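> Just upload_35.cif, nothing more (mmCIF, C-alpha atoms):
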```cif
data_entry
#
loop_
_atom_site.label_atom_id
_atom_site.label_comp_id
_atom_site.auth_asym_id
_atom_site.auth_seq_id
_atom_site.Cartn_x
_atom_site.Cartn_y
_atom_site.Cartn_z
CA MET C 696 0.00 0.00 0.00
CA PRO C 697 1.58 3.29 -1.06
CA PHE C 698 0.53 5.29 2.00
CA LEU C 699 2.52 2.99 4.28
CA ALA C 700 5.70 3.70 2.36
CA THR C 701 5.50 7.49 2.76
CA THR C 702 7.51 9.37 5.33
CA VAL C 703 5.58 10.79 8.24
CA SER C 704 5.34 14.57 7.77
CA SER C 705 3.61 17.10 10.00
CA GLY C 706 0.81 17.25 7.42
CA VAL C 707 0.22 13.50 7.78
CA LEU C 708 0.24 13.71 11.58
CA VAL C 709 -2.38 16.47 11.58
CA LEU C 710 -4.44 14.59 8.98
CA VAL C 711 -4.38 11.35 11.00
CA GLY C 712 -5.21 13.20 14.23
CA ALA C 713 -8.07 15.19 12.70
CA VAL C 714 -9.67 12.23 10.90
CA PHE C 715 -9.28 9.85 13.86
CA LEU C 716 -10.71 12.23 16.46
CA ALA C 717 -13.51 13.57 14.24
CA SER C 718 -14.57 10.02 13.29
CA SER C 719 -14.42 8.89 16.93
CA VAL C 720 -16.60 11.78 18.13
CA GLU C 721 -19.21 11.21 15.40
CA MET C 722 -19.18 7.46 16.11
CA VAL C 723 -19.87 8.07 19.82
CA GLU C 724 -22.83 10.29 18.90
CA ALA C 725 -24.24 7.77 16.39
CA LEU C 726 -23.72 4.88 18.81
CA THR C 727 -25.63 6.66 21.59
CA ILE C 728 -28.68 6.92 19.32
CA VAL C 729 -28.42 3.32 18.06
CA VAL C 730 -27.98 1.88 21.59
CA ALA C 731 -30.98 3.92 22.81
CA VAL C 732 -33.11 2.65 19.89
CA GLY C 733 -31.90 -0.94 20.27
CA HIS C 734 -32.48 -1.12 24.04
CA THR C 735 -35.89 0.54 23.85
CA ARG C 736 -37.50 -0.91 20.74
CA GLY C 737 -35.45 -3.96 19.85
CA TRP C 738 -32.28 -4.48 17.89
CA ARG C 739 -33.68 -5.86 14.65
CA SER C 740 -35.13 -2.61 13.27
CA ALA C 741 -32.28 -0.59 14.76
CA LEU C 742 -29.67 -2.70 12.97
CA GLN C 743 -31.67 -2.59 9.74
CA GLY C 744 -31.62 1.21 9.96
CA VAL C 745 -27.86 1.14 10.60
CA ALA C 746 -27.29 -1.18 7.62
CA LEU C 747 -29.31 1.01 5.24
CA ALA C 748 -27.49 4.15 6.46
CA LEU C 749 -24.13 2.48 5.81
CA VAL C 750 -25.24 1.48 2.28
CA ALA C 751 -26.44 5.05 1.59
CA LEU C 752 -23.13 6.48 2.84
CA ALA C 753 -21.15 4.01 0.71
CA ALA C 754 -23.24 5.03 -2.33
CA LEU C 755 -22.49 8.71 -1.62
CA VAL C 756 -18.76 7.99 -1.38
CA ALA C 757 -18.87 5.96 -4.60
CA ALA C 758 -20.74 8.79 -6.38
CA PHE C 759 -18.77 11.80 -5.14
CA GLY C 760 -15.35 10.34 -4.24
CA PRO C 761 -14.09 9.72 -7.80
CA ALA C 762 -15.63 13.01 -9.02
CA LEU C 763 -13.53 14.99 -6.52
CA VAL C 764 -10.33 13.70 -8.15
CA HIS C 765 -11.27 15.55 -11.37
CA VAL C 766 -11.68 18.94 -9.69
CA PRO C 767 -8.57 21.17 -10.24
CA LEU C 768 -6.37 20.92 -7.15
CA SER C 769 -6.21 24.65 -6.33
CA ALA C 770 -10.02 24.97 -6.59
CA LEU C 771 -10.50 21.82 -4.51
CA ARG C 772 -8.10 23.09 -1.83
CA LEU C 773 -9.84 26.47 -1.70
CA ILE C 774 -13.31 24.89 -1.34
CA VAL C 775 -12.09 22.31 1.17
CA GLY C 776 -10.11 24.96 3.07
CA GLY C 777 -13.15 27.22 3.29
CA VAL C 778 -15.42 24.38 4.45
CA LEU C 779 -12.88 23.19 7.05
CA LEU C 780 -12.32 26.74 8.29
CA ILE C 781 -16.06 27.23 8.90
CA PHE C 782 -16.63 23.73 10.29
CA GLY C 783 -13.54 23.92 12.52
CA MET C 784 -14.46 27.36 13.90
CA GLN C 785 -17.98 26.08 14.69
CA TRP C 786 -16.53 23.12 16.65
CA LEU C 787 -13.99 25.34 18.40
CA ARG C 788 -16.60 27.94 19.35
CA LYS C 789 -18.83 25.28 20.95
CA ALA C 790 -15.84 23.68 22.71
CA VAL C 791 -14.70 27.06 24.12
CA LEU C 792 -18.21 27.85 25.40
CA ARG C 793 -18.50 24.37 26.94
CA SER C 794 -15.05 24.46 28.54
CA SER C 795 -15.71 27.82 30.11
CA GLY C 796 -19.01 26.54 31.50
CA LEU C 797 -21.12 28.94 29.42
CA LYS C 798 -22.79 26.14 27.48
CA ALA C 799 -23.98 22.80 28.80
CA LYS C 800 -21.56 19.98 27.99
CA HIS C 801 -22.55 17.31 25.47
CA ASP C 802 -23.86 14.66 27.85
CA GLU C 803 -24.32 11.26 26.20
CA ASP C 804 -26.26 9.96 29.25
CA GLU C 805 -28.71 12.86 28.96
CA ILE C 806 -29.06 12.33 25.18
CA TYR C 807 -29.60 8.61 25.81
CA ARG C 808 -32.37 9.36 28.33
CA GLU C 809 -34.01 11.87 25.95
CA LYS C 810 -33.98 9.38 23.07
CA VAL C 811 -35.40 6.60 25.27
CA ALA C 812 -38.19 8.90 26.51
CA GLU C 813 -38.94 9.98 22.92
CA LEU C 814 -39.08 6.37 21.73
CA GLU C 815 -41.21 5.22 24.67
CA SER C 816 -43.72 8.01 24.05
CA VAL C 817 -44.48 6.45 20.65
CA GLY C 818 -46.77 3.54 21.49
CA SER C 819 -46.29 0.03 20.20
CA GLY C 820 -48.17 -1.11 17.12
CA PRO C 821 -47.59 -1.23 13.39
CA ALA C 822 -45.49 1.96 13.45
CA ARG C 823 -43.18 0.64 16.17
CA ASP C 824 -40.52 -0.86 13.91
CA ARG C 825 -40.64 2.06 11.50
CA VAL C 826 -39.83 4.52 14.31
CA ALA C 827 -36.79 2.48 15.44
CA PHE C 828 -35.63 2.01 11.86
CA VAL C 829 -35.93 5.70 10.92
CA MET C 830 -34.27 6.93 14.11
CA ALA C 831 -31.31 4.55 13.78
CA PHE C 832 -30.99 5.38 10.06
CA LYS C 833 -31.03 9.14 10.66
CA GLY C 834 -28.56 8.92 13.54
CA VAL C 835 -26.01 6.88 11.63
CA PHE C 836 -26.53 8.64 8.29
CA LEU C 837 -26.19 12.21 9.60
CA GLU C 838 -23.22 11.50 11.89
CA GLY C 839 -21.68 9.30 9.19
CA LEU C 840 -22.08 12.06 6.63
CA GLU C 841 -19.83 14.29 8.71
CA VAL C 842 -17.21 11.52 8.80
CA VAL C 843 -17.51 11.10 5.02
CA ILE C 844 -17.10 14.85 4.43
CA THR C 845 -14.07 15.00 6.73
CA VAL C 846 -12.43 11.98 5.07
CA LEU C 847 -13.18 13.07 1.49
CA THR C 848 -12.15 16.70 1.95
CA LEU C 849 -9.00 16.13 4.01
CA GLY C 850 -8.01 12.96 2.17
CA THR C 851 -8.44 14.29 -1.37
CA SER C 852 -6.75 17.64 -0.72
CA ALA C 853 -3.75 16.00 0.91
CA HIS C 854 -3.61 13.26 -1.78
CA ARG C 855 -4.00 10.72 1.01
CA LEU C 856 -7.56 9.47 0.58
CA GLY C 857 -6.46 5.87 1.29
CA LEU C 858 -4.81 6.82 4.57
CA ALA C 859 -7.76 9.01 5.63
CA THR C 860 -10.21 6.18 4.87
CA VAL C 861 -8.18 3.62 6.83
CA VAL C 862 -7.81 5.96 9.83
CA ALA C 863 -11.57 6.69 9.84
CA ALA C 864 -12.37 2.97 9.57
CA VAL C 865 -10.02 2.18 12.48
CA ALA C 866 -11.66 4.93 14.59
CA VAL C 867 -15.18 3.74 13.77
CA VAL C 868 -14.37 0.06 14.48
CA LEU C 869 -12.41 0.89 17.65
CA VAL C 870 -15.00 3.27 19.11
CA GLY C 871 -17.83 0.98 17.92
CA GLY C 872 -16.23 -2.05 19.61
CA VAL C 873 -15.52 -0.23 22.86
CA GLY C 874 -18.96 1.42 22.74
CA ILE C 875 -20.76 -1.88 22.33
CA ALA C 876 -18.66 -3.40 25.13
CA VAL C 877 -19.42 -0.61 27.60
CA SER C 878 -22.90 -0.16 26.12
CA ARG C 879 -24.41 2.77 28.00
CA GLN C 880 -21.26 4.27 29.50
CA LEU C 881 -20.45 6.45 26.50
CA SER C 882 -20.62 9.51 28.74
CA SER C 883 -17.16 8.60 30.08
CA VAL C 884 -15.63 9.49 26.70
CA PRO C 885 -13.95 12.92 27.05
CA GLU C 886 -16.00 14.24 24.14
CA ASN C 887 -15.49 17.96 24.75
CA ALA C 888 -11.70 17.69 24.92
CA MET C 889 -11.79 15.60 21.72
CA LYS C 890 -14.03 18.15 20.01
CA MET C 891 -11.73 20.98 21.02
CA THR C 892 -8.72 19.13 19.58
CA VAL C 893 -10.62 18.36 16.36
CA GLY C 894 -11.68 22.01 16.11
CA ILE C 895 -8.05 23.15 16.43
CA LEU C 896 -6.90 20.61 13.81
CA LEU C 897 -9.73 21.45 11.37
CA VAL C 898 -9.15 25.21 11.62
CA SER C 899 -5.42 24.60 11.11
CA TYR C 900 -6.07 22.50 8.01
CA GLY C 901 -8.70 24.99 6.84
CA THR C 902 -6.20 27.86 7.13
CA PHE C 903 -3.52 25.84 5.35
CA TRP C 904 -5.66 24.65 2.42
CA THR C 905 -7.40 28.02 1.99
CA GLY C 906 -3.96 29.61 1.68
CA GLU C 907 -2.76 26.91 -0.74
CA GLY C 908 -5.90 27.40 -2.84
CA LEU C 909 -5.17 31.14 -3.01
CA SER C 910 -1.50 30.60 -3.97
CA VAL C 911 -0.10 31.58 -0.55
CA LYS C 912 3.44 30.17 -0.10
CA TRP C 913 3.66 28.97 3.51
CA PRO C 914 7.05 29.28 5.19
CA GLY C 915 8.34 25.74 5.84
CA ASN C 916 5.55 24.25 3.66
CA ASP C 917 3.75 21.45 5.60
CA THR C 918 5.54 22.40 8.81
CA PHE C 919 3.49 25.60 8.93
CA LEU C 920 0.52 23.38 9.84
CA LEU C 921 2.16 22.76 13.22
CA ALA C 922 2.57 26.51 13.70
CA CYS C 923 -1.17 26.89 12.95
CA VAL C 924 -1.99 24.17 15.52
CA ALA C 925 0.13 25.99 18.13
CA ILE C 926 -1.44 29.39 17.33
CA TYR C 927 -5.04 28.11 17.48
CA ALA C 928 -4.38 26.03 20.63
CA ALA C 929 -3.00 29.14 22.38
CA VAL C 930 -5.92 31.30 21.20
CA THR C 931 -8.43 28.66 22.35
CA TRP C 932 -6.80 28.53 25.80
CA LEU C 933 -6.88 32.32 26.01
CA LEU C 934 -10.54 32.50 24.94
CA VAL C 935 -11.56 29.88 27.54
CA ALA C 936 -9.71 31.82 30.25
CA MET C 937 -11.17 35.11 29.05
CA VAL C 938 -14.85 34.13 28.92
CA LYS C 939 -14.90 31.83 31.97
CA PRO C 940 -17.43 33.41 34.37
CA ARG C 941 -15.86 34.81 37.52
CA PRO C 942 -17.29 33.67 40.89
CA GLY C 943 -20.64 35.31 41.54
CA ARG C 944 -21.45 35.68 37.85
CA ASN C 945 -23.35 32.85 36.30
CA ALA C 946 -24.44 32.93 32.69
CA GLN C 947 -25.29 30.20 30.19
CA VAL C 948 -25.61 30.71 26.46
CA ALA C 949 -28.26 29.06 24.34
CA ALA C 950 -26.48 28.53 21.01
CA MET E 1404 -56.07 19.29 -0.59
CA SER E 1405 -52.36 19.68 0.11
CA THR E 1406 -49.97 18.14 -2.41
CA GLN E 1407 -46.73 16.54 -1.21
CA PRO E 1408 -43.65 17.51 -3.24
CA SER E 1409 -42.19 14.71 -5.35
CA TRP E 1410 -39.27 12.71 -3.93
CA PRO E 1411 -36.55 14.36 -6.07
CA VAL E 1412 -37.71 17.76 -4.76
CA ARG E 1413 -37.68 16.41 -1.19
CA VAL E 1414 -34.19 14.96 -1.66
CA LEU E 1415 -32.90 18.22 -3.16
CA LYS E 1416 -34.51 20.24 -0.38
CA GLY E 1417 -33.02 17.91 2.24
CA PHE E 1418 -29.60 18.14 0.59
CA GLY E 1419 -29.79 21.96 0.55
CA MET E 1420 -30.97 22.06 4.17
CA PHE E 1421 -28.10 19.79 5.23
CA TRP E 1422 -25.49 22.10 3.68
CA TRP E 1423 -27.22 25.20 5.08
CA ASP E 1424 -27.19 23.71 8.59
CA PHE E 1425 -23.64 22.41 8.09
CA LEU E 1426 -22.11 25.68 6.89
CA VAL E 1427 -24.34 28.43 8.28
CA GLY E 1428 -26.49 26.93 11.06
CA ASP E 1429 -26.68 29.14 14.14
CA THR E 1430 -23.35 30.88 13.42
CA PRO E 1431 -23.88 32.91 10.22
CA GLU E 1432 -21.11 35.27 11.39
CA LEU E 1433 -18.52 32.47 11.00
CA PHE E 1434 -19.73 31.71 7.47
CA LEU E 1435 -19.57 35.39 6.50
CA ALA E 1436 -16.15 35.78 8.14
CA ALA E 1437 -14.76 32.81 6.19
CA VAL E 1438 -16.07 34.21 2.88
CA LEU E 1439 -14.66 37.65 3.72
CA THR E 1440 -11.30 36.10 4.70
CA ILE E 1441 -11.09 34.30 1.34
CA VAL E 1442 -11.83 37.53 -0.56
CA ILE E 1443 -9.27 39.55 1.45
CA ILE E 1444 -6.52 36.91 1.15
CA ASP E 1445 -7.21 36.58 -2.58
CA LEU E 1446 -6.78 40.34 -2.98
CA VAL E 1447 -3.62 40.43 -0.86
CA SER E 1448 -1.98 37.30 -2.24
CA ARG E 1449 -3.02 36.86 -5.86
CA VAL E 1450 -3.79 40.43 -6.87
CA GLY E 1451 -1.39 42.33 -4.60
CA HIS E 1452 1.41 39.70 -4.57
CA HIS E 1453 2.04 40.31 -0.87
CA ASN E 1454 2.71 36.73 0.20
CA ALA E 1455 4.25 37.56 3.59
CA ALA E 1456 1.20 39.66 4.53
CA ALA E 1457 -1.18 36.88 3.45
CA VAL E 1458 0.73 34.32 5.58
CA TRP E 1459 0.00 36.24 8.79
CA LEU E 1460 -3.31 37.81 7.80
CA LEU E 1461 -5.09 34.49 7.20
CA PRO E 1462 -4.66 33.06 10.74
CA ILE E 1463 -5.23 36.53 12.25
CA LEU E 1464 -8.58 36.87 10.44
CA ALA E 1465 -9.60 33.35 11.55
CA VAL E 1466 -8.69 34.15 15.17
CA LEU E 1467 -10.62 37.42 14.94
CA ALA E 1468 -13.71 35.68 13.54
CA LEU E 1469 -13.63 33.00 16.24
CA SER E 1470 -13.13 35.55 19.03
CA VAL E 1471 -15.98 37.77 17.80
CA SER E 1472 -18.31 34.78 17.51
CA VAL E 1473 -17.45 33.53 21.03
CA LEU E 1474 -17.81 37.00 22.57
CA ARG E 1475 -21.11 37.49 20.70
CA ALA E 1476 -22.43 34.24 22.22
CA VAL E 1477 -21.26 35.33 25.67
CA SER E 1478 -22.92 38.76 25.45
CA LYS E 1479 -26.11 37.13 24.10
CA GLY E 1480 -26.07 34.79 27.10
CA LYS E 1481 -25.66 37.70 29.51
CA ARG E 1482 -28.60 39.59 27.99
CA LYS E 1483 -30.94 36.60 28.58
#
```
Could you take the file, read its structure, and then write that structure out as structure tokens?


Amino acid sequence: MPFLATTVSSGVLVLVGAVFLASSVEMVEALTIVVAVGHTRGWRSALQGVALALVALAALVAAFGPALVHVPLSALRLIVGGVLLIFGMQWLRKAVLRSSGLKAKHDEDEIYREKVAELESVGSGPARDRVAFVMAFKGVFLEGLEVVITVLTLGTSAHRLGLATVVAAVAVVLVGGVGIAVSRQLSSVPENAMKMTVGILLVSYGTFWTGEGLSVKWPGNDTFLLACVAIYAAVTWLLVAMVKPRPGRNAQVAA
Amino acid sequence: MSTQPSWPVRVLKGFGMFWWDFLVGDTPELFLAAVLTIVIIDLVSRVGHHNAAAVWLLPILAVLALSVSVLRAVSKGKRK
């Protein structure tokens, strides 16, 4: 496999880190929904929904993956850079607000309870299996779509689609395996710290590819990615410290 | 009698909604900032040929956008 023969550059390290963490976080979120559906309404429909979502995602990859190769590289890097910049800043913003206590943390136990209550409120009958199927399908498809976008955009721009796919698959299998083993203890996953790291990596890649797409010559080429990671990590730390409510002041934001 | 849109229309609408939520969602300021950053860097780098300025301006604009968005959320939270 060609990707195994390549030397490990800073670009590859950031790529592997971003894809692995982003895929792990999305897998935890999808798994929470599937476990809630499976425990509440039975596994058969839940697993059917999961299977159909995986087929739909595979079809999307088959349809759009090869097409991306034909897009001119500078245009692809500009589009990908812009998307990653926006997506990364959104993740980072949420992570900063959560870390500083201004936004409620993503609680998988709470989400699990909400999903179970929602599923139990729909009575049994002919619609029972359809509800489980649709909820499992939507959970896996929407979270999976974010993994697909991350893998396709980062992988294609860096010319390392194979590596990105393998890393995402390892993350999904690893988190899936551990998740199934611990079943309902997904809340112990340090999701916010992972999301903050992913946000920093995505904004770094977004900055790098946007610049490449606009013909910016980065000092040190790929190594500049590490400088971006350091800059955004420092800014994130500063923002958390800056907006953390002081004792006596208690505010929570909605969005 | 209400007519349901056909499935291609529903798929297209769903696809559009996904990208809208994905890129704009509840943080339109970040979307606008990213578009503005691309325009500014294009002017500085490709049109003005000031590579060194573009190298520092791009991360600075991203940091500025993120900070403004975070502070906006904080001040919105305080007003509630």

> I need the residue set behind the PyMOL selection byres ((chain C and resi 808-812) around 8) for this file; please write it as a list in words.

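On the file shown, the PyMOL selection byres ((chain C and resi 808-812) around 8) covers Ile728, Ala731, Val732, Thr735, Asp804, Glu805, Ile806, Tyr807, Glu813, Leu814, Glu815 and Ser816 of chain C.
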
> Name the residues that the PyMOL selection byres ((chain C) within 8 of (chain E)) picks from the file above, as a count of residues only, using the file's chain letters and numbers.

30

> Running the PyMOL selection byres ((chain C and resi 752) around 8) on this model by hand, what would come out? Give it as a ChimeraX atom specification.

/C:748-751,753-756,836,839-840,843

> What is the distance, in Å and to one decimal place, between CA of Phe828 in chain C and CA of Ser1409 in chain E?

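Pair CA of Phe828 in chain C / CA of Ser1409 in chain E returns 22.4 Å.
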
> Select, from C:Trp738, C:Tyr900, C:Phe832, C:Trp786, the residue with the minimum atom-to-atom distance to Ala713 in chain C, counting all atoms listed in the file.

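Closest to Ala713 in chain C, using all atoms listed in the file: C:Tyr900.
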
> Since the input lacks atoms, please generate N, CA and C atoms for range 1405-1439 of chain E and provide them as a PDB file, in the frame of the given file.


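Final output, saved to selection20.pdb:
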```pdb
ATOM      1  N   SER E1405     -53.772  19.314   0.217  1.00  0.00           N
ATOM      2  CA  SER E1405     -52.360  19.680   0.110  1.00  0.00           C
ATOM      3  C   SER E1405     -51.597  18.619  -0.697  1.00  0.00           C
ATOM      4  N   THR E1406     -50.738  19.093  -1.602  1.00  0.00           N
ATOM      5  CA  THR E1406     -49.970  18.140  -2.410  1.00  0.00           C
ATOM      6  C   THR E1406     -48.553  18.034  -1.869  1.00  0.00           C
ATOM      7  N   GLN E1407     -48.090  16.793  -1.695  1.00  0.00           N
ATOM      8  CA  GLN E1407     -46.730  16.540  -1.210  1.00  0.00           C
ATOM      9  C   GLN E1407     -45.756  16.734  -2.375  1.00  0.00           C
ATOM     10  N   PRO E1408     -44.619  17.404  -2.146  1.00  0.00           N
ATOM     11  CA  PRO E1408     -43.650  17.510  -3.240  1.00  0.00           C
ATOM     12  C   PRO E1408     -43.098  16.141  -3.626  1.00  0.00           C
ATOM     13  N   SER E1409     -42.694  16.009  -4.882  1.00  0.00           N
ATOM     14  CA  SER E1409     -42.190  14.710  -5.350  1.00  0.00           C
ATOM     15  C   SER E1409     -40.861  14.389  -4.659  1.00  0.00           C
ATOM     16  N   TRP E1410     -40.447  13.099  -4.704  1.00  0.00           N
ATOM     17  CA  TRP E1410     -39.270  12.710  -3.930  1.00  0.00           C
ATOM     18  C   TRP E1410     -37.975  13.374  -4.401  1.00  0.00           C
ATOM     19  N   PRO E1411     -37.797  13.655  -5.725  1.00  0.00           N
ATOM     20  CA  PRO E1411     -36.550  14.360  -6.070  1.00  0.00           C
ATOM     21  C   PRO E1411     -36.484  15.758  -5.443  1.00  0.00           C
ATOM     22  N   VAL E1412     -37.657  16.418  -5.371  1.00  0.00           N
ATOM     23  CA  VAL E1412     -37.710  17.760  -4.760  1.00  0.00           C
ATOM     24  C   VAL E1412     -37.385  17.654  -3.274  1.00  0.00           C
ATOM     25  N   ARG E1413     -37.942  16.601  -2.630  1.00  0.00           N
ATOM     26  CA  ARG E1413     -37.680  16.410  -1.190  1.00  0.00           C
ATOM     27  C   ARG E1413     -36.206  16.129  -0.938  1.00  0.00           C
ATOM     28  N   VAL E1414     -35.611  15.297  -1.814  1.00  0.00           N
ATOM     29  CA  VAL E1414     -34.190  14.960  -1.660  1.00  0.00           C
ATOM     30  C   VAL E1414     -33.332  16.208  -1.832  1.00  0.00           C
ATOM     31  N   LEU E1415     -33.653  16.991  -2.895  1.00  0.00           N
ATOM     32  CA  LEU E1415     -32.900  18.220  -3.160  1.00  0.00           C
ATOM     33  C   LEU E1415     -33.019  19.214  -2.008  1.00  0.00           C
ATOM     34  N   LYS E1416     -34.258  19.326  -1.495  1.00  0.00           N
ATOM     35  CA  LYS E1416     -34.510  20.240  -0.380  1.00  0.00           C
ATOM     36  C   LYS E1416     -33.718  19.788   0.859  1.00  0.00           C
ATOM     37  N   GLY E1417     -33.761  18.472   1.098  1.00  0.00           N
ATOM     38  CA  GLY E1417     -33.020  17.910   2.240  1.00  0.00           C
ATOM     39  C   GLY E1417     -31.528  18.137   2.097  1.00  0.00           C
ATOM     40  N   PHE E1418     -31.026  17.960   0.871  1.00  0.00           N
ATOM     41  CA  PHE E1418     -29.600  18.140   0.590  1.00  0.00           C
ATOM     42  C   PHE E1418     -29.194  19.603   0.840  1.00  0.00           C
ATOM     43  N   GLY E1419     -30.041  20.529   0.350  1.00  0.00           N
ATOM     44  CA  GLY E1419     -29.790  21.960   0.550  1.00  0.00           C
ATOM     45  C   GLY E1419     -29.833  22.331   2.022  1.00  0.00           C
ATOM     46  N   MET E1420     -30.825  21.778   2.738  1.00  0.00           N
ATOM     47  CA  MET E1420     -30.970  22.060   4.170  1.00  0.00           C
ATOM     48  C   MET E1420     -29.756  21.560   4.950  1.00  0.00           C
ATOM     49  N   PHE E1421     -29.266  20.367   4.545  1.00  0.00           N
ATOM     50  CA  PHE E1421     -28.100  19.790   5.230  1.00  0.00           C
ATOM     51  C   PHE E1421     -26.909  20.745   5.123  1.00  0.00           C
ATOM     52  N   TRP E1422     -26.643  21.216   3.886  1.00  0.00           N
ATOM     53  CA  TRP E1422     -25.490  22.100   3.680  1.00  0.00           C
ATOM     54  C   TRP E1422     -25.674  23.448   4.370  1.00  0.00           C
ATOM     55  N   TRP E1423     -26.926  23.949   4.392  1.00  0.00           N
ATOM     56  CA  TRP E1423     -27.220  25.200   5.080  1.00  0.00           C
ATOM     57  C   TRP E1423     -26.916  25.054   6.582  1.00  0.00           C
ATOM     58  N   ASP E1424     -27.431  23.957   7.163  1.00  0.00           N
ATOM     59  CA  ASP E1424     -27.190  23.710   8.590  1.00  0.00           C
ATOM     60  C   ASP E1424     -25.700  23.493   8.854  1.00  0.00           C
ATOM     61  N   PHE E1425     -25.048  22.781   7.944  1.00  0.00           N
ATOM     62  CA  PHE E1425     -23.640  22.410   8.090  1.00  0.00           C
ATOM     63  C   PHE E1425     -22.745  23.648   8.039  1.00  0.00           C
ATOM     64  N   LEU E1426     -23.009  24.540   7.092  1.00  0.00           N
ATOM     65  CA  LEU E1426     -22.110  25.680   6.890  1.00  0.00           C
ATOM     66  C   LEU E1426     -22.557  26.960   7.601  1.00  0.00           C
ATOM     67  N   VAL E1427     -23.845  27.182   7.679  1.00  0.00           N
ATOM     68  CA  VAL E1427     -24.340  28.430   8.280  1.00  0.00           C
ATOM     69  C   VAL E1427     -24.891  28.148   9.685  1.00  0.00           C
ATOM     70  N   GLY E1428     -25.900  27.311   9.771  1.00  0.00           N
ATOM     71  CA  GLY E1428     -26.490  26.930  11.060  1.00  0.00           C
ATOM     72  C   GLY E1428     -26.800  28.126  11.945  1.00  0.00           C
ATOM     73  N   ASP E1429     -26.393  28.026  13.223  1.00  0.00           N
ATOM     74  CA  ASP E1429     -26.680  29.140  14.140  1.00  0.00           C
ATOM     75  C   ASP E1429     -25.489  30.093  14.275  1.00  0.00           C
ATOM     76  N   THR E1430     -24.500  29.949  13.387  1.00  0.00           N
ATOM     77  CA  THR E1430     -23.350  30.880  13.420  1.00  0.00           C
ATOM     78  C   THR E1430     -23.110  31.487  12.031  1.00  0.00           C
ATOM     79  N   PRO E1431     -24.073  32.305  11.548  1.00  0.00           N
ATOM     80  CA  PRO E1431     -23.880  32.910  10.220  1.00  0.00           C
ATOM     81  C   PRO E1431     -22.657  33.819  10.170  1.00  0.00           C
ATOM     82  N   GLU E1432     -22.267  34.365  11.355  1.00  0.00           N
ATOM     83  CA  GLU E1432     -21.110  35.270  11.390  1.00  0.00           C
ATOM     84  C   GLU E1432     -19.823  34.528  10.993  1.00  0.00           C
ATOM     85  N   LEU E1433     -19.728  33.237  11.349  1.00  0.00           N
ATOM     86  CA  LEU E1433     -18.520  32.470  11.000  1.00  0.00           C
ATOM     87  C   LEU E1433     -18.485  32.195   9.493  1.00  0.00           C
ATOM     88  N   PHE E1434     -19.651  31.931   8.921  1.00  0.00           N
ATOM     89  CA  PHE E1434     -19.730  31.710   7.470  1.00  0.00           C
ATOM     90  C   PHE E1434     -19.313  32.979   6.724  1.00  0.00           C
ATOM     91  N   LEU E1435     -19.895  34.108   7.147  1.00  0.00           N
ATOM     92  CA  LEU E1435     -19.570  35.390   6.500  1.00  0.00           C
ATOM     93  C   LEU E1435     -18.085  35.730   6.670  1.00  0.00           C
ATOM     94  N   ALA E1436     -17.566  35.474   7.863  1.00  0.00           N
ATOM     95  CA  ALA E1436     -16.150  35.780   8.140  1.00  0.00           C
ATOM     96  C   ALA E1436     -15.243  34.943   7.241  1.00  0.00           C
ATOM     97  N   ALA E1437     -15.598  33.670   7.033  1.00  0.00           N
ATOM     98  CA  ALA E1437     -14.760  32.810   6.190  1.00  0.00           C
ATOM     99  C   ALA E1437     -14.778  33.305   4.737  1.00  0.00           C
ATOM    100  N   VAL E1438     -15.962  33.702   4.256  1.00  0.00           N
ATOM    101  CA  VAL E1438     -16.070  34.210   2.880  1.00  0.00           C
ATOM    102  C   VAL E1438     -15.254  35.498   2.731  1.00  0.00           C
ATOM    103  N   LEU E1439     -15.391  36.377   3.726  1.00  0.00           N
ATOM    104  CA  LEU E1439     -14.660  37.650   3.720  1.00  0.00           C
ATOM    105  C   LEU E1439     -13.145  37.407   3.768  1.00  0.00           C
TER     106      LEU E1439
END
```
